[in-house]
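Student: Got a structure for you, written out below as structure tokens; questions coming shortly.
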Amino acid sequence: MGFENFGTVSFTAAAKAADFMTHLEAGKVMTTRCRNCGASYFPPKADCPACLSSDVDWFEIKGQGKLNTYTIVNYGPTGFENDAPYILALGEFEGGIQILARLGRDIKPDDIKVGMSLAISPVKLPDNRVAYEFNKV
Amino acid sequence: MAEVAIVGVGQSVFSRDCGVSIRELSFEAFKEAMEGLDITTGDIDASIICSAPEYDKQRSPAGLISEYLELTPKPSFYVETVCSSSSTGLRVAWSLVKAGLHKVVAVIGFQKMSELSSRDAAERMGRGADIIWESPFGLTMPAGYAMYARAHMAKYGTTEEHLAKVRVKNSHYGAANPKATYRKELGLEDILNSEVITSPLKKFDCCANADGASCIIVARGDVAKGITQVPIWIIGLGAATDTMTMAGRKSLTGLECAQEAGKQAYKMAGLKPQDIDVAEVHDCFTVSEILAYEDLGFAKPGEGVGLIEDKQTYADGKIPVNVDGGLLSKGHPIGATGGSQIRTIVRQLRRQATEAQVKGAEVGLVHNIGGIGQYGNVTILRR
């Protein structure tokens with residue numbers, strides 16, 4: 001399995017980092033750390049540009065994060081028309097890992113505040129697609 | 001004395017739908033750039049063609065444009081950094097001339113965005129993000145800049161009214177620019193009441209897709225003076241690249257690619273921000289111009305809004321910015337935009353900017369950004 005079911009529209013499938021999808025289907029948002037030099041990455045990298053190793057380990061992103069910024073998108077591009085309006089956000093988690101995702105529908109636009117606490121979790125989308133989203137803590 | 005000069009600049013009219021082909025559009029810009037020069041087409045030793053290929057129907061446009069302008073058999077090739085492609089083209093032209101490979105090089109940028117529906121154009125812009133990790137969420141360029149705007153507001157208290165004032169200024173100057181797509185002057189209320197596209201950015205906070213072409217003719221210093229009476233010298237060049245992903249950005253209140261490119265250009269020119277007499281900055285959105293004030297050192301971080309509040313970026317202010325109307329008025333034909341910005345500064349330094357001439361301008365700066373801050377180019381020119 002590659003990235004063919006990731007997000008509302010996926011544009012490419014095969015990648016060495018596709019283990020991410022297996023973990024996501026199993027309910028975990030994970031990313032990589034290099035077994036050789038310890039450098040960690042998000043988005044996940046199957047290769048470590050710091051030490052040129054391709055021996056990487058997956059670890060889970062969990063715990064409480066915070067909202068760095070967001071936007072309510074009223075016009076989706078091709079393939080996203082039926083999603084709009086949707087809220088894109090950047091959240092920051094332990095170790096300074098910053099992630100782009102949508103805010104879950106449990107968060108009302110009027111309640112959004114930069115700096116608010118967030119959690120991250122996998123989400124099922126229509127047509128057997130999967131992604132991750134930010135939710136209220 | 002600097003050793004590489006700009007001898008000619010031109011651009012087509014920018015419009016929503018030009019009704020001509022990309023080769024004909026490019027000819028319009030080329031013709032204006034060559035006007036009054038003591039060279040003919042045969043004296044151009046190489047050409048660099050710049051666009052964003054995802055918007056082009058034509059594959060490999062360099063050969064096509066080279067043939068139409070009769071630049072063959074001289075070398076021609078293609079350069080791309082999305083919206084800053086033609087500034088990257090200028091950087092490459094400078095290198096070719098400086099290295100001694102060529103004496104005269106033409107940089108031609110174009111885009112014919114009317115060949116796509118605006119939604120299809122937005123889809124291509126979405127694929128300008130990381131297609132594995134961020135495009136599947138529906139990230140677009142306006143949404144990326146909107147997140148910078150929101151973060152700037154949260155940190156510094158910037159308001160939607162501050163952003164709107166950038167459009168008020170640029171629409172004022174755009175009204176006098178015969179090559180601009182939008183020539184209507186807009187008031188604060190028009191902008192604040194326009195429809196929200198991606199919060200906090202509204203319709204009039206955004207530039208529009210456009211068709212257009214630009215051309216810059218670059219020459220070696222010793223031949224430049226024989227080609228034109230007023231060569232404009234390239235004295236500072238800076239370029240930088242930031243992460244493709246928004247997730248990778250260390251700052252959300254400034255573009256690090258612009259800060260880095262600016263530092264390089266100031267250092268090469270031996271100048272400081274206060275030495276700049278007139279600037280063109282990449283105002284693809286109103287917030288982008290505020291970020292540029294700060295990233296280029298015209299204002300301290302968080303204090304950019306003070307410049308627009310006090311009208312210091314108007315033509316008679318401390319640091320005039322985008323007094324040709326900017327991308328917001330001219331429209332943004334991706335590959336042509338950097339060349340159009342350079343044309344404006346060259347005309348200012350030649351004292352030919354009849355619409356809004358900055359008095360006594362000696363040194364000008366061009367800030368041209370590709371994507372959502374992926375590619376930054378800063379160029380400093382002197383009369």
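Identifiers for the structure tokens are assigned positionally: chains receive A, B, ... in sequence, residues are indexed from 1 per chain, and ligands are indexed from 1 in the order shown.
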What's the 7 Å shell around Thr69 of chain A, counting only C-alpha atoms, without same-chain residues fewer than 3 positions away, as number ranges by chain?

Tutor: A: 89-90, 114; B: 147, 150-151

Student: Distance cut-off 10 Å, counting only C-alpha atoms - which residues of chain B neighbour chain A? Return them as a ChimeraX atom specification.

Tutor: /B:118-127,130-140,142-155,195-201,245-250,252

Student: With N, CA and C atoms retained, export the selected residues as a compact mmCIF listing (two decimals), in the first residue's frame.

Tutor:
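Dumped to again-v5.txt:
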# COMPACT_ATOMS: atom_id res chain seq x y z
N SER B 118 -9.96 29.09 -13.78
CA SER B 118 -9.26 29.53 -12.57
C SER B 118 -9.21 28.38 -11.54
N ARG B 119 -10.19 27.48 -11.59
CA ARG B 119 -10.18 26.34 -10.68
C ARG B 119 -9.05 25.36 -11.05
N ASP B 120 -8.86 25.14 -12.34
CA ASP B 120 -7.76 24.29 -12.78
C ASP B 120 -6.42 24.94 -12.43
N ALA B 121 -6.38 26.26 -12.57
CA ALA B 121 -5.16 26.97 -12.19
C ALA B 121 -4.90 26.77 -10.70
N ALA B 122 -5.96 26.79 -9.90
CA ALA B 122 -5.81 26.58 -8.45
C ALA B 122 -5.35 25.15 -8.15
N GLU B 123 -5.81 24.20 -8.94
CA GLU B 123 -5.37 22.81 -8.75
C GLU B 123 -3.87 22.71 -9.01
N ARG B 124 -3.41 23.37 -10.06
CA ARG B 124 -1.98 23.35 -10.36
C ARG B 124 -1.19 24.06 -9.27
N MET B 125 -1.79 25.13 -8.75
CA MET B 125 -1.13 25.83 -7.64
C MET B 125 -1.05 24.92 -6.43
N GLY B 126 -2.08 24.11 -6.21
CA GLY B 126 -2.09 23.16 -5.10
C GLY B 126 -0.97 22.15 -5.25
N ARG B 127 -0.73 21.72 -6.49
CA ARG B 127 0.36 20.78 -6.73
C ARG B 127 1.72 21.46 -6.65
N ASP B 130 3.87 20.28 -1.56
CA ASP B 130 4.37 18.89 -1.51
C ASP B 130 3.20 17.95 -1.80
N ILE B 131 3.27 17.22 -2.92
CA ILE B 131 2.09 16.46 -3.35
C ILE B 131 1.83 15.21 -2.51
N ILE B 132 2.81 14.72 -1.78
CA ILE B 132 2.52 13.59 -0.88
C ILE B 132 1.93 14.10 0.43
N TRP B 133 2.58 15.09 1.04
CA TRP B 133 2.26 15.43 2.43
C TRP B 133 1.31 16.60 2.62
N GLU B 134 1.22 17.54 1.68
CA GLU B 134 0.38 18.72 1.95
C GLU B 134 -0.72 18.98 0.92
N SER B 135 -0.47 18.70 -0.36
CA SER B 135 -1.54 18.91 -1.35
C SER B 135 -2.80 18.11 -1.04
N PRO B 136 -2.71 16.86 -0.53
CA PRO B 136 -3.93 16.08 -0.27
C PRO B 136 -4.88 16.72 0.76
N PHE B 137 -4.42 17.74 1.50
CA PHE B 137 -5.30 18.43 2.45
C PHE B 137 -6.03 19.60 1.79
N GLY B 138 -5.67 19.91 0.54
CA GLY B 138 -6.32 21.03 -0.14
C GLY B 138 -5.59 22.35 0.07
N LEU B 139 -4.25 22.27 0.24
CA LEU B 139 -3.45 23.49 0.41
C LEU B 139 -3.31 24.21 -0.93
N THR B 140 -3.59 25.51 -0.94
CA THR B 140 -3.38 26.33 -2.13
C THR B 140 -2.45 27.48 -1.76
N PRO B 142 -3.07 30.81 -1.99
CA PRO B 142 -3.74 31.80 -1.12
C PRO B 142 -3.85 31.30 0.33
N ALA B 143 -4.13 30.00 0.50
CA ALA B 143 -4.27 29.46 1.86
C ALA B 143 -2.94 29.53 2.61
N GLY B 144 -1.85 29.26 1.91
CA GLY B 144 -0.53 29.34 2.54
C GLY B 144 -0.23 30.75 3.04
N TYR B 145 -0.46 31.73 2.17
CA TYR B 145 -0.21 33.13 2.57
C TYR B 145 -1.21 33.57 3.64
N ALA B 146 -2.43 33.04 3.58
CA ALA B 146 -3.43 33.38 4.61
C ALA B 146 -2.95 32.92 5.99
N MET B 147 -2.26 31.77 6.02
CA MET B 147 -1.75 31.29 7.32
C MET B 147 -0.62 32.19 7.82
N TYR B 148 0.20 32.73 6.90
CA TYR B 148 1.20 33.73 7.31
C TYR B 148 0.49 34.98 7.86
N ALA B 149 -0.59 35.40 7.17
CA ALA B 149 -1.32 36.60 7.61
C ALA B 149 -1.88 36.40 9.01
N ARG B 150 -2.50 35.23 9.24
CA ARG B 150 -3.10 34.95 10.56
C ARG B 150 -2.03 34.95 11.66
N ALA B 151 -0.89 34.34 11.37
CA ALA B 151 0.18 34.28 12.37
C ALA B 151 0.73 35.69 12.66
N HIS B 152 0.84 36.52 11.62
CA HIS B 152 1.32 37.90 11.79
C HIS B 152 0.33 38.70 12.64
N MET B 153 -0.95 38.49 12.39
CA MET B 153 -1.99 39.17 13.17
C MET B 153 -1.92 38.77 14.64
N ALA B 154 -1.76 37.45 14.86
CA ALA B 154 -1.75 36.94 16.23
C ALA B 154 -0.53 37.46 17.00
N LYS B 155 0.61 37.56 16.31
CA LYS B 155 1.83 37.96 17.01
C LYS B 155 1.96 39.47 17.16
N GLU B 195 -15.58 39.60 -0.78
CA GLU B 195 -15.84 38.25 -0.31
C GLU B 195 -14.56 37.58 0.24
N VAL B 196 -14.75 36.79 1.30
CA VAL B 196 -13.59 36.10 1.90
C VAL B 196 -13.24 34.89 1.04
N ILE B 197 -11.98 34.83 0.62
CA ILE B 197 -11.52 33.70 -0.21
C ILE B 197 -10.96 32.60 0.70
N THR B 198 -10.02 32.99 1.55
CA THR B 198 -9.43 32.08 2.52
C THR B 198 -8.99 32.96 3.68
N SER B 199 -9.71 32.88 4.78
CA SER B 199 -9.59 33.88 5.83
C SER B 199 -8.14 34.01 6.33
N PRO B 200 -7.65 35.21 6.62
CA PRO B 200 -8.36 36.50 6.58
C PRO B 200 -8.29 37.19 5.22
N LEU B 201 -7.87 36.48 4.16
CA LEU B 201 -7.70 37.15 2.87
C LEU B 201 -9.01 37.18 2.09
N THR B 245 7.43 22.25 2.13
CA THR B 245 6.28 22.11 3.02
C THR B 245 6.11 23.35 3.91
N MET B 246 4.86 23.65 4.24
CA MET B 246 4.57 24.65 5.25
C MET B 246 5.04 24.13 6.61
N ALA B 247 4.94 22.81 6.80
CA ALA B 247 5.35 22.20 8.07
C ALA B 247 6.80 22.50 8.39
N GLY B 248 7.63 22.63 7.38
CA GLY B 248 9.06 22.84 7.59
C GLY B 248 9.46 24.27 7.91
N ARG B 249 8.51 25.20 7.88
CA ARG B 249 8.86 26.62 8.09
C ARG B 249 9.16 26.94 9.55
N LYS B 250 10.30 27.58 9.76
CA LYS B 250 10.69 27.95 11.12
C LYS B 250 9.97 29.21 11.58
N LEU B 252 6.55 31.84 10.82
CA LEU B 252 5.28 32.02 10.12
C LEU B 252 4.92 33.51 10.05

Student: Could you tell me how far atom CA of Cys34 of chain A lies from atom CA of Val56 of chain A, in Å and to one decimal?

Tutor: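 Separation between atom CA of Cys34 of chain A and atom CA of Val56 of chain A: 4.4 Å.
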
Student: Please identify all polymer residues within 9 Å of segment 358-365 of chain B, counting only C-alpha atoms, omitting same-chain residues fewer than 2 positions from it, and present them as an MDAnalysis selection string.

Tutor: chainID B and resid 236 275:281 315:316 320 323 342 345:346 348:351 353 356 367 378:383

Student: Write a file of the just-selected residues containing C-alpha atoms, as a PDB file, in the first residue's frame.

Tutor:
ATOM      1  CA  GLY B 236      23.382  43.053  -5.898  1.00  0.00           C
ATOM      2  CA  ASP B 275      20.036  53.229   0.815  1.00  0.00           C
ATOM      3  CA  ILE B 276      17.198  51.966  -1.396  1.00  0.00           C
ATOM      4  CA  ASP B 277      15.320  54.763  -3.191  1.00  0.00           C
ATOM      5  CA  VAL B 278      12.505  52.714  -4.747  1.00  0.00           C
ATOM      6  CA  ALA B 279      11.413  49.074  -4.509  1.00  0.00           C
ATOM      7  CA  GLU B 280       9.235  46.524  -6.234  1.00  0.00           C
ATOM      8  CA  VAL B 281       8.096  43.750  -3.905  1.00  0.00           C
ATOM      9  CA  ALA B 315       5.881  57.628  -4.215  1.00  0.00           C
ATOM     10  CA  ASP B 316       6.766  60.634  -2.023  1.00  0.00           C
ATOM     11  CA  PRO B 320       8.293  54.003  -2.241  1.00  0.00           C
ATOM     12  CA  VAL B 323       4.321  52.506  -7.345  1.00  0.00           C
ATOM     13  CA  ILE B 342      12.693  44.700 -13.016  1.00  0.00           C
ATOM     14  CA  ILE B 345      12.798  49.679 -11.445  1.00  0.00           C
ATOM     15  CA  VAL B 346      14.889  50.187 -14.603  1.00  0.00           C
ATOM     16  CA  GLN B 348      12.483  54.485 -12.417  1.00  0.00           C
ATOM     17  CA  LEU B 349      16.289  54.659 -12.489  1.00  0.00           C
ATOM     18  CA  ARG B 350      16.241  55.924 -16.091  1.00  0.00           C
ATOM     19  CA  ARG B 351      13.709  58.555 -14.914  1.00  0.00           C
ATOM     20  CA  ALA B 353       8.446  56.227 -15.023  1.00  0.00           C
ATOM     21  CA  ALA B 356       4.750  57.839 -10.728  1.00  0.00           C
ATOM     22  CA  HIS B 367      11.943  41.332  -4.373  1.00  0.00           C
ATOM     23  CA  VAL B 378      16.355  39.971  -4.394  1.00  0.00           C
ATOM     24  CA  THR B 379      18.062  42.130  -7.019  1.00  0.00           C
ATOM     25  CA  ILE B 380      19.601  45.577  -6.480  1.00  0.00           C
ATOM     26  CA  LEU B 381      20.101  47.928  -9.432  1.00  0.00           C
ATOM     27  CA  ARG B 382      21.919  51.263  -9.741  1.00  0.00           C
ATOM     28  CA  ARG B 383      21.740  54.017 -12.304  1.00  0.00           C
TER      29      ARG B 383
END

Student: Could you state the separation of atom CA of Ile191 of chain B and atom CA of Asn209 of chain B in Å, given to one decimal place?

Tutor: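 A separation of 18.1 Å between them.
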
Student: Taking only C-alpha atoms into account, which of B:Gly36, B:Gly157, B:Pro333, B:Gly338 comes nearest Asp17 of chain B?

Tutor: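 Of all the options, B:Pro333 lies closest to Asp17 of chain B.
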
Student: Using DSSP assignments from the backbone, pull out every residue in segment 8-195 of chain B that falls under strand (DSSP E or B) and give it to me as a list in words.

Tutor: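 DSSP-assigned strand (DSSP E or B) residues in segment 8-195 of chain B: Gly8, Val9, Gly10, Gln11, Ser15, Ala46, Ser47, Ile48, Ile49, Cys50, Ser76, Phe77, Tyr78, Val79, Thr81, Cys83, Val104, Val105, Ala106, Val107, Ile108, Gly109, Phe110, Gln111 and Lys112 of chain B.
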
Student: List the spatial neighbours of Lys165 of chain B as a list in words - criterion: any atom at most 10 Å away, only C-alpha atoms, same-chain residues fewer than 4 positions off excluded.

Tutor: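 Non-adjacent residues within range: Glu160, Glu161, Lys169, Asn170, Ser171, Leu186, Gly187, Leu188, Ile191, Leu192, Asp205, Thr286, Val305, Ile308, Glu309 and Lys311 of chain B.
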
Student: Take the residues from that selection and put them in a file with N, CA and C atoms, as a PDB file, in the first residue's frame.

Tutor:
ATOM      1  N   GLU B 160      -7.025  43.383   9.433  1.00  0.00           N
ATOM      2  CA  GLU B 160      -7.469  43.288   8.039  1.00  0.00           C
ATOM      3  C   GLU B 160      -7.446  44.671   7.383  1.00  0.00           C
ATOM      4  N   GLU B 161      -7.663  45.697   8.178  1.00  0.00           N
ATOM      5  CA  GLU B 161      -7.626  47.063   7.640  1.00  0.00           C
ATOM      6  C   GLU B 161      -6.206  47.446   7.210  1.00  0.00           C
ATOM      7  N   LYS B 169      -3.271  51.595  -1.743  1.00  0.00           N
ATOM      8  CA  LYS B 169      -2.090  52.222  -2.364  1.00  0.00           C
ATOM      9  C   LYS B 169      -1.838  51.654  -3.755  1.00  0.00           C
ATOM     10  N   ASN B 170      -1.781  50.334  -3.837  1.00  0.00           N
ATOM     11  CA  ASN B 170      -1.398  49.738  -5.113  1.00  0.00           C
ATOM     12  C   ASN B 170      -2.453  49.973  -6.196  1.00  0.00           C
ATOM     13  N   SER B 171      -3.715  50.016  -5.793  1.00  0.00           N
ATOM     14  CA  SER B 171      -4.758  50.289  -6.795  1.00  0.00           C
ATOM     15  C   SER B 171      -4.672  51.744  -7.263  1.00  0.00           C
ATOM     16  N   LEU B 186      -9.452  51.501  -5.782  1.00  0.00           N
ATOM     17  CA  LEU B 186     -10.329  50.879  -4.782  1.00  0.00           C
ATOM     18  C   LEU B 186     -10.222  51.620  -3.457  1.00  0.00           C
ATOM     19  N   GLY B 187     -11.356  51.769  -2.772  1.00  0.00           N
ATOM     20  CA  GLY B 187     -11.362  52.373  -1.446  1.00  0.00           C
ATOM     21  C   GLY B 187     -11.297  51.285  -0.378  1.00  0.00           C
ATOM     22  N   LEU B 188     -10.997  51.717   0.849  1.00  0.00           N
ATOM     23  CA  LEU B 188     -10.863  50.789   1.972  1.00  0.00           C
ATOM     24  C   LEU B 188     -12.100  49.892   2.126  1.00  0.00           C
ATOM     25  N   ILE B 191     -12.535  46.987  -0.355  1.00  0.00           N
ATOM     26  CA  ILE B 191     -11.649  45.856  -0.077  1.00  0.00           C
ATOM     27  C   ILE B 191     -12.151  45.071   1.130  1.00  0.00           C
ATOM     28  N   LEU B 192     -12.478  45.795   2.208  1.00  0.00           N
ATOM     29  CA  LEU B 192     -12.912  45.127   3.440  1.00  0.00           C
ATOM     30  C   LEU B 192     -14.243  44.400   3.251  1.00  0.00           C
ATOM     31  N   ASP B 205      -7.663  41.269  -1.487  1.00  0.00           N
ATOM     32  CA  ASP B 205      -6.328  41.058  -0.912  1.00  0.00           C
ATOM     33  C   ASP B 205      -5.468  40.211  -1.849  1.00  0.00           C
ATOM     34  N   THR B 286      -1.960  41.046  -0.232  1.00  0.00           N
ATOM     35  CA  THR B 286      -1.632  42.263   0.517  1.00  0.00           C
ATOM     36  C   THR B 286      -0.643  41.961   1.638  1.00  0.00           C
ATOM     37  N   VAL B 305       3.432  47.396   9.270  1.00  0.00           N
ATOM     38  CA  VAL B 305       2.153  48.097   9.080  1.00  0.00           C
ATOM     39  C   VAL B 305       2.310  49.604   9.296  1.00  0.00           C
ATOM     40  N   ILE B 308       2.776  51.494   5.976  1.00  0.00           N
ATOM     41  CA  ILE B 308       1.585  51.737   5.141  1.00  0.00           C
ATOM     42  C   ILE B 308       0.633  52.705   5.852  1.00  0.00           C
ATOM     43  N   GLU B 309       0.542  52.606   7.190  1.00  0.00           N
ATOM     44  CA  GLU B 309      -0.293  53.543   7.958  1.00  0.00           C
ATOM     45  C   GLU B 309       0.163  54.981   7.723  1.00  0.00           C
ATOM     46  N   LYS B 311       1.822  56.090   5.196  1.00  0.00           N
ATOM     47  CA  LYS B 311       1.984  56.335   3.751  1.00  0.00           C
ATOM     48  C   LYS B 311       3.447  56.512   3.339  1.00  0.00           C
TER      49      LYS B 311
END

Student: Just want the 12 Å neighbourhood of Cys48 of chain A, counted on only C-alpha atoms, with same-chain residues fewer than 3 positions away dropped. Output as number ranges by chain.

Tutor: A: 17, 32-42, 44-45, 51-57

Student: Now that the selection is made, can you save its residues with N, CA and C atoms as a PDB file, in the first residue's frame?

Tutor:
ATOM      1  N   ALA A  17       8.424   5.787   2.088  1.00  0.00           N
ATOM      2  CA  ALA A  17       7.858   6.195   3.377  1.00  0.00           C
ATOM      3  C   ALA A  17       6.420   5.707   3.561  1.00  0.00           C
ATOM      4  N   THR A  32       9.529   9.613  11.358  1.00  0.00           N
ATOM      5  CA  THR A  32      10.778   8.847  11.372  1.00  0.00           C
ATOM      6  C   THR A  32      11.900   9.497  12.190  1.00  0.00           C
ATOM      7  N   ARG A  33      12.739   8.603  12.716  1.00  0.00           N
ATOM      8  CA  ARG A  33      13.984   9.021  13.358  1.00  0.00           C
ATOM      9  C   ARG A  33      15.078   8.117  12.790  1.00  0.00           C
ATOM     10  N   CYS A  34      16.232   8.699  12.492  1.00  0.00           N
ATOM     11  CA  CYS A  34      17.341   7.930  11.932  1.00  0.00           C
ATOM     12  C   CYS A  34      17.965   7.054  13.021  1.00  0.00           C
ATOM     13  N   ARG A  35      18.066   5.743  12.733  1.00  0.00           N
ATOM     14  CA  ARG A  35      18.649   4.826  13.713  1.00  0.00           C
ATOM     15  C   ARG A  35      20.142   5.067  13.864  1.00  0.00           C
ATOM     16  N   ASN A  36      20.760   5.593  12.842  1.00  0.00           N
ATOM     17  CA  ASN A  36      22.211   5.791  12.859  1.00  0.00           C
ATOM     18  C   ASN A  36      22.628   7.050  13.619  1.00  0.00           C
ATOM     19  N   CYS A  37      22.000   8.213  13.314  1.00  0.00           N
ATOM     20  CA  CYS A  37      22.469   9.470  13.931  1.00  0.00           C
ATOM     21  C   CYS A  37      21.424  10.114  14.841  1.00  0.00           C
ATOM     22  N   GLY A  38      20.193   9.605  14.843  1.00  0.00           N
ATOM     23  CA  GLY A  38      19.195  10.125  15.780  1.00  0.00           C
ATOM     24  C   GLY A  38      18.398  11.318  15.279  1.00  0.00           C
ATOM     25  N   ALA A  39      18.684  11.809  14.075  1.00  0.00           N
ATOM     26  CA  ALA A  39      17.938  12.962  13.552  1.00  0.00           C
ATOM     27  C   ALA A  39      16.488  12.546  13.308  1.00  0.00           C
ATOM     28  N   SER A  40      15.534  13.444  13.686  1.00  0.00           N
ATOM     29  CA  SER A  40      14.133  13.106  13.453  1.00  0.00           C
ATOM     30  C   SER A  40      13.534  14.071  12.437  1.00  0.00           C
ATOM     31  N   TYR A  41      12.487  13.610  11.747  1.00  0.00           N
ATOM     32  CA  TYR A  41      11.927  14.370  10.636  1.00  0.00           C
ATOM     33  C   TYR A  41      10.418  14.371  10.640  1.00  0.00           C
ATOM     34  N   PHE A  42       9.819  15.474  10.239  1.00  0.00           N
ATOM     35  CA  PHE A  42       8.439  15.506   9.780  1.00  0.00           C
ATOM     36  C   PHE A  42       8.344  16.517   8.648  1.00  0.00           C
ATOM     37  N   PRO A  44       7.786  12.542   7.410  1.00  0.00           N
ATOM     38  CA  PRO A  44       8.718  11.425   7.535  1.00  0.00           C
ATOM     39  C   PRO A  44       9.649  11.322   6.326  1.00  0.00           C
ATOM     40  N   LYS A  45      10.887  10.926   6.579  1.00  0.00           N
ATOM     41  CA  LYS A  45      11.834  10.666   5.496  1.00  0.00           C
ATOM     42  C   LYS A  45      12.321   9.238   5.628  1.00  0.00           C
ATOM     43  N   CYS A  51      23.120  11.966   7.723  1.00  0.00           N
ATOM     44  CA  CYS A  51      24.212  10.987   7.769  1.00  0.00           C
ATOM     45  C   CYS A  51      24.182  10.006   6.590  1.00  0.00           C
ATOM     46  N   LEU A  52      23.195  10.196   5.686  1.00  0.00           N
ATOM     47  CA  LEU A  52      23.058   9.397   4.465  1.00  0.00           C
ATOM     48  C   LEU A  52      22.670   7.938   4.728  1.00  0.00           C
ATOM     49  N   SER A  53      22.176   7.663   5.918  1.00  0.00           N
ATOM     50  CA  SER A  53      21.681   6.319   6.210  1.00  0.00           C
ATOM     51  C   SER A  53      20.230   6.190   5.713  1.00  0.00           C
ATOM     52  N   SER A  54      19.804   4.966   5.427  1.00  0.00           N
ATOM     53  CA  SER A  54      18.388   4.744   5.112  1.00  0.00           C
ATOM     54  C   SER A  54      17.764   3.795   6.127  1.00  0.00           C
ATOM     55  N   ASP A  55      18.389   3.736   7.307  1.00  0.00           N
ATOM     56  CA  ASP A  55      17.909   2.874   8.382  1.00  0.00           C
ATOM     57  C   ASP A  55      17.135   3.753   9.368  1.00  0.00           C
ATOM     58  N   VAL A  56      15.814   3.806   9.196  1.00  0.00           N
ATOM     59  CA  VAL A  56      15.020   4.707  10.032  1.00  0.00           C
ATOM     60  C   VAL A  56      13.990   3.952  10.856  1.00  0.00           C
ATOM     61  N   ASP A  57      13.626   4.575  11.955  1.00  0.00           N
ATOM     62  CA  ASP A  57      12.689   4.017  12.919  1.00  0.00           C
ATOM     63  C   ASP A  57      11.437   4.906  12.931  1.00  0.00           C
TER      64      ASP A  57
END

Student: Run DSSP on the backbone and grab whatever in segment 31-239 of chain B lands in alpha helix (DSSP H); send it over as JSON, numbers by chain.

Tutor: {"B": [31, 32, 33, 34, 61, 62, 63, 64, 65, 66, 67, 68, 85, 86, 87, 88, 89, 90, 91, 92, 93, 94, 95, 96, 97, 98, 118, 119, 120, 121, 122, 123, 124, 125, 126, 141, 142, 143, 144, 145, 146, 147, 148, 149, 150, 151, 152, 153, 154, 155, 156, 160, 161, 162, 163, 164, 165, 166, 167, 168, 169, 170, 171, 172, 173, 174, 188, 189, 190, 191, 192, 221, 222, 223, 224, 225, 226, 227]}

Student: Got time to write the residues from that selection, C-alpha atoms, as a short mmCIF file (atom, residue, chain, number, x, y, z; two decimals), in the first residue's frame?

Tutor:
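And here's again26.cif as it stands now:
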data_model
loop_
_atom_site.label_atom_id
_atom_site.label_comp_id
_atom_site.auth_asym_id
_atom_site.auth_seq_id
_atom_site.Cartn_x
_atom_site.Cartn_y
_atom_site.Cartn_z
CA LYS B 31 9.97 44.55 -29.06
CA GLU B 32 9.70 47.07 -26.23
CA ALA B 33 12.98 45.86 -24.70
CA MET B 34 14.84 46.26 -28.00
CA PRO B 61 8.71 26.64 -24.94
CA ALA B 62 12.34 27.82 -25.23
CA GLY B 63 12.72 26.43 -28.75
CA LEU B 64 9.38 27.83 -29.85
CA ILE B 65 10.01 31.38 -28.65
CA SER B 66 13.58 31.27 -29.90
CA GLU B 67 12.31 30.42 -33.39
CA TYR B 68 9.57 33.07 -33.42
CA SER B 85 11.27 32.40 -12.65
CA SER B 86 12.36 35.52 -14.52
CA SER B 87 14.40 36.83 -11.56
CA THR B 88 16.15 33.47 -11.52
CA GLY B 89 16.58 33.94 -15.29
CA LEU B 90 18.26 37.31 -14.64
CA ARG B 91 20.59 35.67 -12.11
CA VAL B 92 21.59 33.03 -14.67
CA ALA B 93 22.05 35.71 -17.37
CA TRP B 94 24.33 37.67 -15.03
CA SER B 95 26.42 34.54 -14.45
CA LEU B 96 26.73 33.76 -18.17
CA VAL B 97 27.88 37.30 -18.94
CA LYS B 98 30.16 37.56 -15.89
CA SER B 118 -9.26 29.53 -12.57
CA ARG B 119 -10.18 26.34 -10.68
CA ASP B 120 -7.76 24.29 -12.78
CA ALA B 121 -5.16 26.97 -12.19
CA ALA B 122 -5.81 26.58 -8.45
CA GLU B 123 -5.37 22.81 -8.75
CA ARG B 124 -1.98 23.35 -10.36
CA MET B 125 -1.13 25.83 -7.64
CA GLY B 126 -2.09 23.16 -5.10
CA MET B 141 -1.12 29.36 -2.47
CA PRO B 142 -3.74 31.80 -1.12
CA ALA B 143 -4.27 29.46 1.86
CA GLY B 144 -0.53 29.34 2.54
CA TYR B 145 -0.21 33.13 2.57
CA ALA B 146 -3.43 33.38 4.61
CA MET B 147 -1.75 31.29 7.32
CA TYR B 148 1.20 33.73 7.31
CA ALA B 149 -1.32 36.60 7.61
CA ARG B 150 -3.10 34.95 10.56
CA ALA B 151 0.18 34.28 12.37
CA HIS B 152 1.32 37.90 11.79
CA MET B 153 -1.99 39.17 13.17
CA ALA B 154 -1.75 36.94 16.23
CA LYS B 155 1.83 37.96 17.01
CA TYR B 156 1.84 41.66 16.12
CA GLU B 160 -7.47 43.29 8.04
CA GLU B 161 -7.63 47.06 7.64
CA HIS B 162 -3.82 47.27 7.59
CA LEU B 163 -3.77 44.71 4.80
CA ALA B 164 -6.49 46.55 2.88
CA LYS B 165 -4.43 49.76 2.96
CA VAL B 166 -1.77 48.02 0.86
CA ARG B 167 -4.39 47.41 -1.83
CA VAL B 168 -5.62 51.00 -1.58
CA LYS B 169 -2.09 52.22 -2.36
CA ASN B 170 -1.40 49.74 -5.11
CA SER B 171 -4.76 50.29 -6.79
CA HIS B 172 -4.04 54.03 -6.75
CA TYR B 173 -0.83 53.54 -8.76
CA GLY B 174 -2.25 50.71 -10.85
CA LEU B 188 -10.86 50.79 1.97
CA GLU B 189 -14.54 49.72 2.19
CA ASP B 190 -14.48 48.07 -1.26
CA ILE B 191 -11.65 45.86 -0.08
CA LEU B 192 -12.91 45.13 3.44
CA GLY B 221 29.70 46.30 -18.98
CA ASP B 222 32.12 47.28 -21.74
CA VAL B 223 29.57 46.77 -24.51
CA ALA B 224 26.55 48.07 -22.55
CA LYS B 225 27.49 51.72 -23.09
CA GLY B 226 27.58 51.21 -26.83
CA ILE B 227 24.09 49.73 -26.75
#
